[in-house]
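Trainee: Sending over run-v2.tsv (TSV, C-alpha atoms and all ligand atoms).
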```tsv
chain	number	residue	atom	x	y	z
W	668	MET	CA	0.00	0.00	0.00
W	669	ARG	CA	1.28	3.45	-0.87
W	670	GLU	CA	2.22	5.46	2.14
W	671	LEU	CA	0.74	8.94	2.09
W	672	THR	CA	2.93	11.61	3.55
W	673	ASN	CA	1.75	15.17	3.59
W	674	PHE	CA	4.96	17.12	3.29
W	675	SER	CA	3.10	20.39	3.05
W	676	MET	CA	1.38	20.08	6.44
W	677	LYS	CA	1.91	23.46	8.04
W	678	LYS	CA	2.59	23.98	11.69
W	679	LEU	CA	-0.27	25.59	13.60
W	680	PHE	CA	-0.25	27.52	16.87
W	681	ILE	CA	-3.47	27.36	18.88
W	682	VAL	CA	-3.14	30.03	21.55
W	683	GLY	CA	-5.91	30.31	24.15
W	684	ASN	CA	-6.10	33.71	25.84
W	685	TRP	CA	-7.85	33.47	29.19
W	686	LYS	CA	-7.43	37.20	29.86
W	687	SER	CA	-8.32	38.22	33.44
W	688	ASN	CA	-10.21	35.03	34.24
W	689	LYS	CA	-9.93	31.95	36.49
W	690	THR	CA	-8.85	31.30	40.05
W	691	THR	CA	-6.32	28.52	40.67
W	692	THR	CA	-9.14	26.08	41.43
W	693	GLU	CA	-10.95	26.95	38.20
W	694	ALA	CA	-7.73	26.75	36.22
W	695	LEU	CA	-6.91	23.30	37.60
W	696	THR	CA	-10.42	22.08	36.78
W	697	TRP	CA	-9.91	23.29	33.19
W	698	PHE	CA	-6.63	21.34	33.02
W	699	GLU	CA	-8.22	18.22	34.53
W	700	ASN	CA	-10.76	18.39	31.70
W	701	ILE	CA	-8.30	18.97	28.89
W	702	LYS	CA	-6.12	16.16	30.25
W	703	GLU	CA	-8.82	13.72	29.17
W	704	HIS	CA	-7.90	14.56	25.58
W	705	LYS	CA	-4.15	14.20	26.16
W	706	SER	CA	-3.48	11.36	23.74
W	707	GLU	CA	-5.57	12.95	21.00
W	708	ILE	CA	-3.76	16.26	21.45
W	709	GLU	CA	-0.44	14.41	21.32
W	710	SER	CA	-1.46	12.89	18.02
W	711	PHE	CA	-1.80	16.36	16.45
W	712	ASN	CA	1.93	16.57	15.78
W	713	GLU	CA	1.74	19.72	13.75
W	714	LYS	CA	-0.24	21.70	16.36
W	715	THR	CA	1.39	23.61	19.20
W	716	ILE	CA	-1.02	24.31	22.04
W	717	ILE	CA	-0.43	27.38	24.19
W	718	VAL	CA	-2.51	28.97	26.95
W	719	CYS	CA	-2.04	32.58	28.06
W	720	VAL	CA	-2.89	32.75	31.77
W	721	ALA	CA	-2.76	35.28	34.59
W	722	PHE	CA	0.59	35.54	36.43
W	723	THR	CA	-1.00	34.06	39.56
W	724	LEU	CA	-1.73	30.82	37.72
W	725	LEU	CA	1.69	30.24	36.16
W	726	PRO	CA	3.41	28.33	39.03
W	727	VAL	CA	0.56	25.91	39.75
W	728	LEU	CA	-0.15	25.25	36.07
W	729	SER	CA	3.47	24.74	35.10
W	730	GLU	CA	3.76	22.19	37.89
W	731	TYR	CA	0.57	20.48	36.73
W	732	ILE	CA	1.78	20.33	33.12
W	733	LYS	CA	5.12	18.84	34.16
W	734	LYS	CA	3.57	16.31	36.51
W	735	ASN	CA	1.09	15.11	33.90
W	736	ASN	CA	3.43	15.47	30.95
W	737	LEU	CA	0.84	17.47	29.02
W	738	PRO	CA	1.58	18.79	25.52
W	739	ILE	CA	0.51	22.32	26.51
W	740	HIS	CA	2.74	25.38	26.80
W	741	LEU	CA	2.24	28.40	29.02
W	742	CYS	CA	2.29	32.03	27.97
W	743	ALA	CA	2.30	35.08	30.23
W	744	GLN	CA	-0.20	37.76	29.22
W	745	ASP	CA	2.31	40.56	29.71
W	746	ILE	CA	5.92	41.17	30.72
W	747	SER	CA	7.75	44.03	32.36
W	748	PRO	CA	9.72	46.30	30.03
W	749	PHE	CA	12.35	46.43	32.80
W	750	GLU	CA	14.81	44.11	34.46
W	751	LYS	CA	14.24	43.16	38.11
W	752	GLY	CA	14.34	46.11	40.48
W	753	PRO	CA	12.23	48.96	41.83
W	754	TYR	CA	9.21	48.61	39.52
W	755	THR	CA	6.31	47.90	41.85
W	756	GLY	CA	3.67	45.68	40.36
W	757	GLU	CA	5.73	44.49	37.41
W	758	VAL	CA	6.61	40.87	36.67
W	759	ASN	CA	9.90	40.58	34.82
W	760	GLY	CA	11.23	38.18	32.21
W	761	GLU	CA	13.51	36.33	34.60
W	762	GLN	CA	10.52	35.62	36.89
W	763	ILE	CA	8.25	34.57	34.03
W	764	LYS	CA	10.86	32.28	32.53
W	765	GLU	CA	10.65	30.08	35.65
W	766	PHE	CA	7.17	28.99	34.56
W	767	ALA	CA	6.36	29.98	30.95
W	768	GLU	CA	7.82	29.71	27.47
W	769	TYR	CA	5.93	32.51	25.72
W	770	ALA	CA	4.97	36.13	26.43
W	771	LEU	CA	1.97	37.88	24.89
W	772	ILE	CA	2.79	41.51	24.20
W	773	GLY	CA	0.72	44.47	23.02
W	774	HIS	CA	-2.79	43.02	23.14
W	775	SER	CA	-5.21	45.78	22.16
W	776	GLU	CA	-6.81	45.57	25.61
W	777	ARG	CA	-3.44	46.61	27.06
W	778	ARG	CA	-2.91	49.29	24.45
W	779	ASP	CA	-6.40	50.73	25.10
W	780	ASN	CA	-6.84	50.29	28.86
W	781	PHE	CA	-3.26	50.78	29.98
W	782	LEU	CA	-2.08	53.14	27.24
W	783	GLU	CA	0.79	50.89	26.21
W	784	ASN	CA	2.54	52.35	23.18
W	785	ASN	CA	4.83	50.88	20.54
W	786	ASP	CA	8.05	52.13	22.22
W	787	LEU	CA	7.11	50.44	25.49
W	788	LEU	CA	6.09	47.26	23.69
W	789	ALA	CA	9.41	47.12	21.85
W	790	LYS	CA	11.14	47.13	25.27
W	791	LYS	CA	8.91	44.26	26.42
W	792	VAL	CA	9.89	42.24	23.36
W	793	VAL	CA	13.58	42.85	24.15
W	794	GLN	CA	13.05	41.58	27.71
W	795	ALA	CA	11.17	38.51	26.51
W	796	LYS	CA	13.91	37.66	24.07
W	797	LYS	CA	16.61	38.20	26.67
W	798	TYR	CA	15.02	35.57	28.90
W	799	ASN	CA	14.33	33.12	26.09
W	800	LEU	CA	10.59	33.67	26.11
W	801	ILE	CA	9.02	33.55	22.65
W	802	PRO	CA	7.32	36.91	22.11
W	803	ILE	CA	3.86	36.91	20.55
W	804	ILE	CA	3.17	40.49	19.50
W	805	CYS	CA	-0.43	41.51	18.87
W	806	VAL	CA	-0.98	43.91	15.99
W	807	GLN	CA	-4.19	45.70	15.13
W	808	GLY	CA	-3.45	46.21	11.44
W	809	GLU	CA	-0.75	45.99	8.81
W	810	LYS	CA	0.65	49.36	9.89
W	811	THR	CA	1.25	48.38	13.53
W	812	PRO	CA	5.02	48.21	14.00
W	813	VAL	CA	6.46	44.77	14.69
W	814	PRO	CA	9.59	44.72	16.86
W	815	ILE	CA	12.44	42.88	15.19
W	816	ASP	CA	12.64	40.12	17.81
W	817	ALA	CA	8.94	39.25	17.81
W	818	GLU	CA	8.61	35.71	16.50
W	819	ILE	CA	4.85	35.34	16.29
W	820	ILE	CA	2.52	38.11	15.10
W	821	ALA	CA	-1.12	37.87	16.21
W	822	TYR	CA	-3.32	39.95	13.93
W	823	GLU	CA	-6.40	40.94	15.93
W	824	PRO	CA	-8.67	43.54	14.36
W	825	PRO	CA	-10.06	45.36	17.46
W	826	GLY	CA	-13.64	45.31	16.12
W	827	ALA	CA	-13.60	41.51	15.98
W	828	ILE	CA	-12.52	40.97	19.60
W	829	SER	CA	-15.02	39.78	22.23
W	830	THR	CA	-17.95	39.18	19.93
W	831	VAL	CA	-17.59	35.42	20.36
W	832	SER	CA	-21.01	34.90	21.91
W	833	LYS	CA	-22.33	36.12	18.58
W	834	GLY	CA	-19.53	34.31	16.75
W	835	ILE	CA	-18.66	37.18	14.46
W	836	PRO	CA	-14.98	37.19	13.61
W	837	ASP	CA	-13.61	39.49	10.96
W	838	ASN	CA	-14.45	38.66	7.38
W	839	PRO	CA	-11.94	35.95	6.31
W	840	ASP	CA	-11.31	37.72	2.98
W	841	ASP	CA	-10.45	40.96	4.76
W	842	VAL	CA	-8.25	39.05	7.22
W	843	LYS	CA	-6.50	37.41	4.28
W	844	LYS	CA	-5.63	40.76	2.71
W	845	VAL	CA	-4.09	42.10	5.91
W	846	VAL	CA	-2.31	38.86	6.83
W	847	ASP	CA	-0.86	38.52	3.33
W	848	SER	CA	0.55	42.00	3.51
W	849	ILE	CA	1.96	41.42	7.03
W	850	LYS	CA	3.55	38.20	5.79
W	851	LYS	CA	5.03	40.03	2.81
W	852	LYS	CA	6.71	42.49	5.16
W	853	TYR	CA	7.83	39.82	7.63
W	854	PRO	CA	8.22	36.58	5.68
W	855	GLN	CA	10.21	34.88	8.46
W	856	LYS	CA	7.63	35.48	11.15
W	857	ILE	CA	4.62	33.36	12.00
W	858	VAL	CA	1.25	35.09	11.65
W	859	ILE	CA	-1.86	33.98	13.51
W	860	TYR	CA	-5.40	35.44	13.66
W	861	GLY	CA	-7.46	36.38	16.71
W	862	GLY	CA	-10.94	37.84	17.21
W	863	SER	CA	-14.02	35.77	18.05
W	864	VAL	CA	-12.52	32.50	16.90
W	865	ASN	CA	-14.58	29.45	17.85
W	866	ALA	CA	-14.74	25.77	16.92
W	867	GLU	CA	-17.12	26.46	14.04
W	868	ASN	CA	-15.25	29.30	12.33
W	869	VAL	CA	-11.62	28.32	13.05
W	870	THR	CA	-10.98	26.68	9.68
W	871	LEU	CA	-12.01	29.84	7.82
W	872	PHE	CA	-8.69	31.14	9.11
W	873	THR	CA	-6.41	28.13	9.53
W	874	SER	CA	-7.15	27.03	5.96
W	875	GLN	CA	-5.50	30.20	4.66
W	876	VAL	CA	-1.96	29.65	3.48
W	877	ASN	CA	-0.38	32.50	5.45
W	878	ILE	CA	-2.30	32.00	8.71
W	879	GLN	CA	-0.45	29.66	11.03
W	880	GLY	CA	-2.80	29.56	13.95
W	881	VAL	CA	-5.42	31.31	16.03
W	882	LEU	CA	-5.78	33.20	19.30
W	883	PRO	CA	-9.21	32.46	20.77
W	884	GLY	CA	-10.16	34.39	23.90
W	885	ALA	CA	-13.67	33.72	25.26
W	886	ALA	CA	-13.88	30.36	23.48
W	887	SER	CA	-10.73	29.14	25.24
W	888	LEU	CA	-12.30	29.44	28.69
W	889	ASP	CA	-14.30	26.26	28.21
W	890	PRO	CA	-11.97	23.23	27.90
W	891	GLN	CA	-14.32	21.28	25.64
W	892	ILE	CA	-14.75	24.19	23.24
W	893	PHE	CA	-11.00	24.83	23.27
W	894	PHE	CA	-10.37	21.18	22.52
W	895	ASN	CA	-12.84	21.35	19.61
W	896	ILE	CA	-10.94	24.36	18.25
W	897	ILE	CA	-7.69	22.38	18.47
W	898	LYS	CA	-9.30	19.39	16.77
W	899	ASN	CA	-10.98	21.36	13.99
W	900	ALA	CA	-8.08	23.74	13.27
W	1001	LIG	P1	-12.05	36.75	21.69
W	1001	LIG	O1	-10.62	37.31	22.16
W	1001	LIG	O2	-11.80	35.44	21.02
W	1001	LIG	O3	-12.86	36.66	22.92
W	1001	LIG	O4	-12.57	37.75	20.70
W	1001	LIG	C1	-9.49	37.22	21.36
W	1001	LIG	C2	-8.42	38.07	21.97
W	1001	LIG	O5	-8.69	39.21	22.33
W	1001	LIG	O6	-7.26	37.62	22.13
```
Could you write out this file's structure as structure tokens?
Ligand code: PGA
Mentor:
Amino acid sequence: MRELTNFSMKKLFIVGNWKSNKTTTEALTWFENIKEHKSEIESFNEKTIIVCVAFTLLPVLSEYIKKNNLPIHLCAQDISPFEKGPYTGEVNGEQIKEFAEYALIGHSERRDNFLENNDLLAKKVVQAKKYNLIPIICVQGEKTPVPIDAEIIAYEPPGAISTVSKGIPDNPDDVKKVVDSIKKKYPQKIVIYGGSVNAENVTLFTSQVNIQGVLPGAASLDPQIFFNIIKNA
């Protein structure tokens, strides 16, 4: 029998963004649930599963992942632009690196609510890189600057964020135009899409040649829905 090998299978990043949600008990329950799909997730060789969680959850979840040998990676939702030192309230790269492998930087909720600007975000990317965290930079359009060290670009049109209960992501054709032009500018970087992604609409995005993953927010809070996104992507 002829063996079929799909050499063109692209690598996909499925990045759940829990935002400011979940206590440690709730987070562990979510992980207990997703653990039931461990072997299936392991069989998706080409999919990298990442969850962006609050700082408070990083230690307990990293321990849980290690103990259960789960194929899930942790991402911090922010990172200090500074080294350790007198910066009250900040969590720095060296601290994050103890528990996570990725850092989400420049989400539009941080740009809007905390007035984070591109200069500040560039410093955060430098800190992530310095501590071997893979920076995922969120951009709101093709004109948003992308710091040189950012490895993954998450294109999230602000109007498409948090509409997931209605399931209205951006129009896939419009997303394609923007993603293609981002990819043209940064051919070496990975581009993913975020904004009301769910298990039903995920393939509208992951089927596009230049889109290498998705960043679901609200839909990642439920482990079964998140698993369905992983499966369908
Ligand atoms: P949403 O969030 O899927 O709830 O729209 C995506 C995001 O903001 O990262």
Trainee: Counting all atoms listed in the file, what is within 12 Å of W:Gln855, bar same-chain residues fewer than 6 positions away, as a PyMOL selection string?
Mentor: chain W and resi 815-820+849+877
Trainee: How far is it from atom O3 of ligand LIG 1001 (chain W) to atom CA of W:Ala866, in Å with one decimal?
Mentor: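 These atoms are spaced 12.6 Å apart.
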Trainee: Out of W:Ile857, W:Ile763, W:Val842, W:Cys719, which residue has the shortest atom-to-atom distance to ligand LIG 1001 (chain W) when counting only C-alpha atoms and all ligand atoms?
Mentor: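 Of W:Ile857, W:Ile763, W:Val842, W:Cys719, the one nearest ligand LIG 1001 (chain W), counting only C-alpha atoms and all ligand atoms, is W:Cys719.
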Trainee: Can you tell me how far atom CA of W:Asn895 sits from atom CA of W:Glu867, in Å to one decimal?
Mentor: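 Interatomic distance here is 8.7 Å.
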Trainee: Which residues of chain W come within 8 Å of ligand LIG 1001 (chain W), and for each one, what is the closest pair of atoms and their distance in Å to one decimal, counting only C-alpha atoms and all ligand atoms, sorted by chain and residue number, as CSV?
Mentor:
```
residue,atom,partner,partner_atom,distance
W:Gly683,CA,W:LIG1001,O6,7.7
W:Asn684,CA,W:LIG1001,O6,5.5
W:Lys686,CA,W:LIG1001,O6,7.7
W:His774,CA,W:LIG1001,O5,7.1
W:Ser775,CA,W:LIG1001,O5,7.4
W:Glu776,CA,W:LIG1001,O5,7.4
W:Glu823,CA,W:LIG1001,C2,7.0
W:Pro825,CA,W:LIG1001,O5,8.0
W:Ala827,CA,W:LIG1001,O4,6.1
W:Ile828,CA,W:LIG1001,O4,3.4
W:Ser829,CA,W:LIG1001,O4,3.5
W:Thr830,CA,W:LIG1001,O4,5.6
W:Val831,CA,W:LIG1001,O3,5.5
W:Pro836,CA,W:LIG1001,O4,7.5
W:Gly861,CA,W:LIG1001,C1,5.1
W:Gly862,CA,W:LIG1001,O4,3.9
W:Ser863,CA,W:LIG1001,O4,3.6
W:Val864,CA,W:LIG1001,O2,5.1
W:Asn865,CA,W:LIG1001,O2,7.3
W:Leu882,CA,W:LIG1001,O6,5.5
W:Pro883,CA,W:LIG1001,O2,4.0
W:Gly884,CA,W:LIG1001,O1,3.4
W:Ala885,CA,W:LIG1001,O3,3.8
W:Ala886,CA,W:LIG1001,O2,6.0
W:Ser887,CA,W:LIG1001,O2,7.7
```
Trainee: From the list W:Lys714, W:Lys797, W:His740, W:Lys705, which residue is nearest W:Ile896 when using only C-alpha atoms?
Mentor: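 When distances to W:Ile896 are compared using only C-alpha atoms, the smallest one comes from W:Lys714.
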Trainee: Grab the atom CA of W:Met676 to atom CA of W:Ser848 distance for me, in Å with one decimal place.
Mentor: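 Separation between atom CA of W:Met676 and atom CA of W:Ser848: 22.1 Å.
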Trainee: For W:Asn899, which of W:Thr723, W:Asn735, W:Asn785, W:Thr870 is the closest residue, counting only C-alpha atoms?
Mentor: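 The shortest atom-to-atom distance to W:Asn899 comes from W:Thr870.
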Trainee: If we count all atoms listed in the file, what is near stretch 788-796 of chain W at a cut-off of 7 Å, once residues fewer than 3 positions away on the same chain are taken out, given as a PyMOL selection string?
Mentor: chain W and resi 746-748+760+770+772-773+783-785+799-802+814+816-817
Trainee: Let me see the file: selected residues, C-alpha atoms, as a short mmCIF file (atom, residue, chain, number, x, y, z; two decimals), in the frame of the given file.
Mentor:
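Result written to result-v9.cif:
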```
data_model
loop_
_atom_site.label_atom_id
_atom_site.label_comp_id
_atom_site.auth_asym_id
_atom_site.auth_seq_id
_atom_site.Cartn_x
_atom_site.Cartn_y
_atom_site.Cartn_z
CA ILE W 746 5.92 41.17 30.72
CA SER W 747 7.75 44.03 32.36
CA PRO W 748 9.72 46.30 30.03
CA GLY W 760 11.23 38.18 32.21
CA ALA W 770 4.97 36.13 26.43
CA ILE W 772 2.79 41.51 24.20
CA GLY W 773 0.72 44.47 23.02
CA GLU W 783 0.79 50.89 26.21
CA ASN W 784 2.54 52.35 23.18
CA ASN W 785 4.83 50.88 20.54
CA ASN W 799 14.33 33.12 26.09
CA LEU W 800 10.59 33.67 26.11
CA ILE W 801 9.02 33.55 22.65
CA PRO W 802 7.32 36.91 22.11
CA PRO W 814 9.59 44.72 16.86
CA ASP W 816 12.64 40.12 17.81
CA ALA W 817 8.94 39.25 17.81
#
```
Trainee: Which of these residues is nearest to W:Thr873, using all atoms listed in the file: W:Tyr853, W:Lys843, W:Ile708, W:Val806?
Mentor: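 Among the listed residues, W:Lys843 lies closest to W:Thr873.
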Trainee: Would you compute the box with edges along x, y and z of the file around stretch 689-692 of chain W, including every atom the file lists for it and 8 Å extra on each side, and give its centre and edge lengths in Å to one decimal, as JSON?
Mentor:
```
{"center_x": -8.1, "center_y": 29.0, "center_z": 39.0, "size_x": 19.6, "size_y": 21.9, "size_z": 20.9}
```
Trainee: Report as a list in words all protein, DNA and RNA residues lying within 10 Å of W:Glu699, evaluated on only C-alpha atoms, omitting residues in the same chain fewer than 6 positions from it.
Mentor: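 Neighbouring residues, sequence-local ones excluded: Glu693, Tyr731, Asn735 and Pro890 of chain W.
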Trainee: I'd like to know which of W:Ser706, W:Leu679, W:Thr811, W:Val758 is closest to W:Phe872, using all atoms listed in the file.
Mentor: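 Of W:Ser706, W:Leu679, W:Thr811, W:Val758, the one nearest W:Phe872, counting all atoms listed in the file, is W:Leu679.
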Trainee: Is it possible to produce a file of stretch 850-888 of chain W from this structure, with N, CA and C atoms, as a CSV table (one decimal), in the first residue's frame?
Mentor:
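As a result, part.csv now contains:
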```csv
chain,number,residue,atom,x,y,z
W,850,LYS,N,2.6,39.3,6.1
W,850,LYS,CA,3.5,38.2,5.8
W,850,LYS,C,4.6,38.6,4.7
W,851,LYS,N,4.1,39.5,3.8
W,851,LYS,CA,5.0,40.0,2.8
W,851,LYS,C,6.1,40.9,3.5
W,852,LYS,N,5.7,41.6,4.5
W,852,LYS,CA,6.7,42.5,5.2
W,852,LYS,C,7.6,41.7,6.1
W,853,TYR,N,7.1,40.6,6.6
W,853,TYR,CA,7.8,39.8,7.6
W,853,TYR,C,7.8,38.3,7.3
W,854,PRO,N,8.4,38.0,6.2
W,854,PRO,CA,8.2,36.6,5.7
W,854,PRO,C,8.7,35.5,6.6
W,855,GLN,N,9.7,35.9,7.5
W,855,GLN,CA,10.2,34.9,8.5
W,855,GLN,C,9.3,34.7,9.7
W,856,LYS,N,8.4,35.6,9.9
W,856,LYS,CA,7.6,35.5,11.2
W,856,LYS,C,6.3,34.7,10.9
W,857,ILE,N,5.9,34.1,12.0
W,857,ILE,CA,4.6,33.4,12.0
W,857,ILE,C,3.5,34.3,12.2
W,858,VAL,N,2.4,34.2,11.5
W,858,VAL,CA,1.3,35.1,11.7
W,858,VAL,C,0.0,34.3,12.0
W,859,ILE,N,-0.6,34.7,13.1
W,859,ILE,CA,-1.9,34.0,13.5
W,859,ILE,C,-3.0,35.0,13.6
W,860,TYR,N,-4.2,34.5,13.6
W,860,TYR,CA,-5.4,35.4,13.7
W,860,TYR,C,-6.1,35.3,15.0
W,861,GLY,N,-6.6,36.4,15.5
W,861,GLY,CA,-7.5,36.4,16.7
W,861,GLY,C,-8.6,37.4,16.6
W,862,GLY,N,-9.7,37.0,17.2
W,862,GLY,CA,-10.9,37.8,17.2
W,862,GLY,C,-12.1,37.0,17.0
W,863,SER,N,-12.8,36.6,18.1
W,863,SER,CA,-14.0,35.8,18.0
W,863,SER,C,-13.9,34.4,17.3
W,864,VAL,N,-12.7,33.8,17.5
W,864,VAL,CA,-12.5,32.5,16.9
W,864,VAL,C,-13.3,31.5,17.8
W,865,ASN,N,-14.0,30.6,17.1
W,865,ASN,CA,-14.6,29.4,17.8
W,865,ASN,C,-14.4,28.2,17.0
W,866,ALA,N,-15.0,27.1,17.6
W,866,ALA,CA,-14.7,25.8,16.9
W,866,ALA,C,-15.4,25.7,15.5
W,867,GLU,N,-16.4,26.5,15.3
W,867,GLU,CA,-17.1,26.5,14.0
W,867,GLU,C,-16.4,27.3,13.0
W,868,ASN,N,-15.8,28.4,13.4
W,868,ASN,CA,-15.2,29.3,12.3
W,868,ASN,C,-13.7,29.2,12.2
W,869,VAL,N,-13.1,28.3,13.0
W,869,VAL,CA,-11.6,28.3,13.1
W,869,VAL,C,-11.0,28.0,11.7
W,870,THR,N,-11.6,27.1,11.0
W,870,THR,CA,-11.0,26.7,9.7
W,870,THR,C,-11.1,27.8,8.6
W,871,LEU,N,-12.0,28.7,8.8
W,871,LEU,CA,-12.0,29.8,7.8
W,871,LEU,C,-10.7,30.6,7.8
W,872,PHE,N,-10.0,30.4,9.0
W,872,PHE,CA,-8.7,31.1,9.1
W,872,PHE,C,-7.5,30.2,8.9
W,873,THR,N,-7.6,29.0,9.6
W,873,THR,CA,-6.4,28.1,9.5
W,873,THR,C,-6.2,27.5,8.1
W,874,SER,N,-7.3,27.6,7.3
W,874,SER,CA,-7.1,27.0,6.0
W,874,SER,C,-6.4,28.0,5.0
W,875,GLN,N,-6.2,29.2,5.5
W,875,GLN,CA,-5.5,30.2,4.7
W,875,GLN,C,-4.0,30.0,4.7
W,876,VAL,N,-3.4,30.1,3.6
W,876,VAL,CA,-2.0,29.7,3.5
W,876,VAL,C,-1.0,30.4,4.4
W,877,ASN,N,-1.3,31.7,4.6
W,877,ASN,CA,-0.4,32.5,5.5
W,877,ASN,C,-0.8,32.6,6.9
W,878,ILE,N,-1.9,32.0,7.3
W,878,ILE,CA,-2.3,32.0,8.7
W,878,ILE,C,-1.9,30.7,9.4
W,879,GLN,N,-1.0,30.9,10.4
W,879,GLN,CA,-0.4,29.7,11.0
W,879,GLN,C,-1.0,29.4,12.4
W,880,GLY,N,-2.2,29.8,12.6
W,880,GLY,CA,-2.8,29.6,14.0
W,880,GLY,C,-3.8,30.6,14.3
W,881,VAL,N,-4.4,30.4,15.5
W,881,VAL,CA,-5.4,31.3,16.0
W,881,VAL,C,-5.2,31.6,17.5
W,882,LEU,N,-5.9,32.7,17.9
W,882,LEU,CA,-5.8,33.2,19.3
W,882,LEU,C,-7.2,33.4,19.8
W,883,PRO,N,-7.9,32.3,20.2
W,883,PRO,CA,-9.2,32.5,20.8
W,883,PRO,C,-9.2,32.9,22.2
W,884,GLY,N,-10.1,33.9,22.5
W,884,GLY,CA,-10.2,34.4,23.9
W,884,GLY,C,-11.3,33.7,24.6
W,885,ALA,N,-12.5,34.3,24.5
W,885,ALA,CA,-13.7,33.7,25.3
W,885,ALA,C,-13.8,32.2,25.0
W,886,ALA,N,-13.6,31.8,23.8
W,886,ALA,CA,-13.9,30.4,23.5
W,886,ALA,C,-12.8,29.4,24.1
W,887,SER,N,-11.8,30.0,24.6
W,887,SER,CA,-10.7,29.1,25.2
W,887,SER,C,-11.0,28.9,26.7
W,888,LEU,N,-12.0,29.6,27.3
W,888,LEU,CA,-12.3,29.4,28.7
W,888,LEU,C,-13.0,28.1,29.0
```
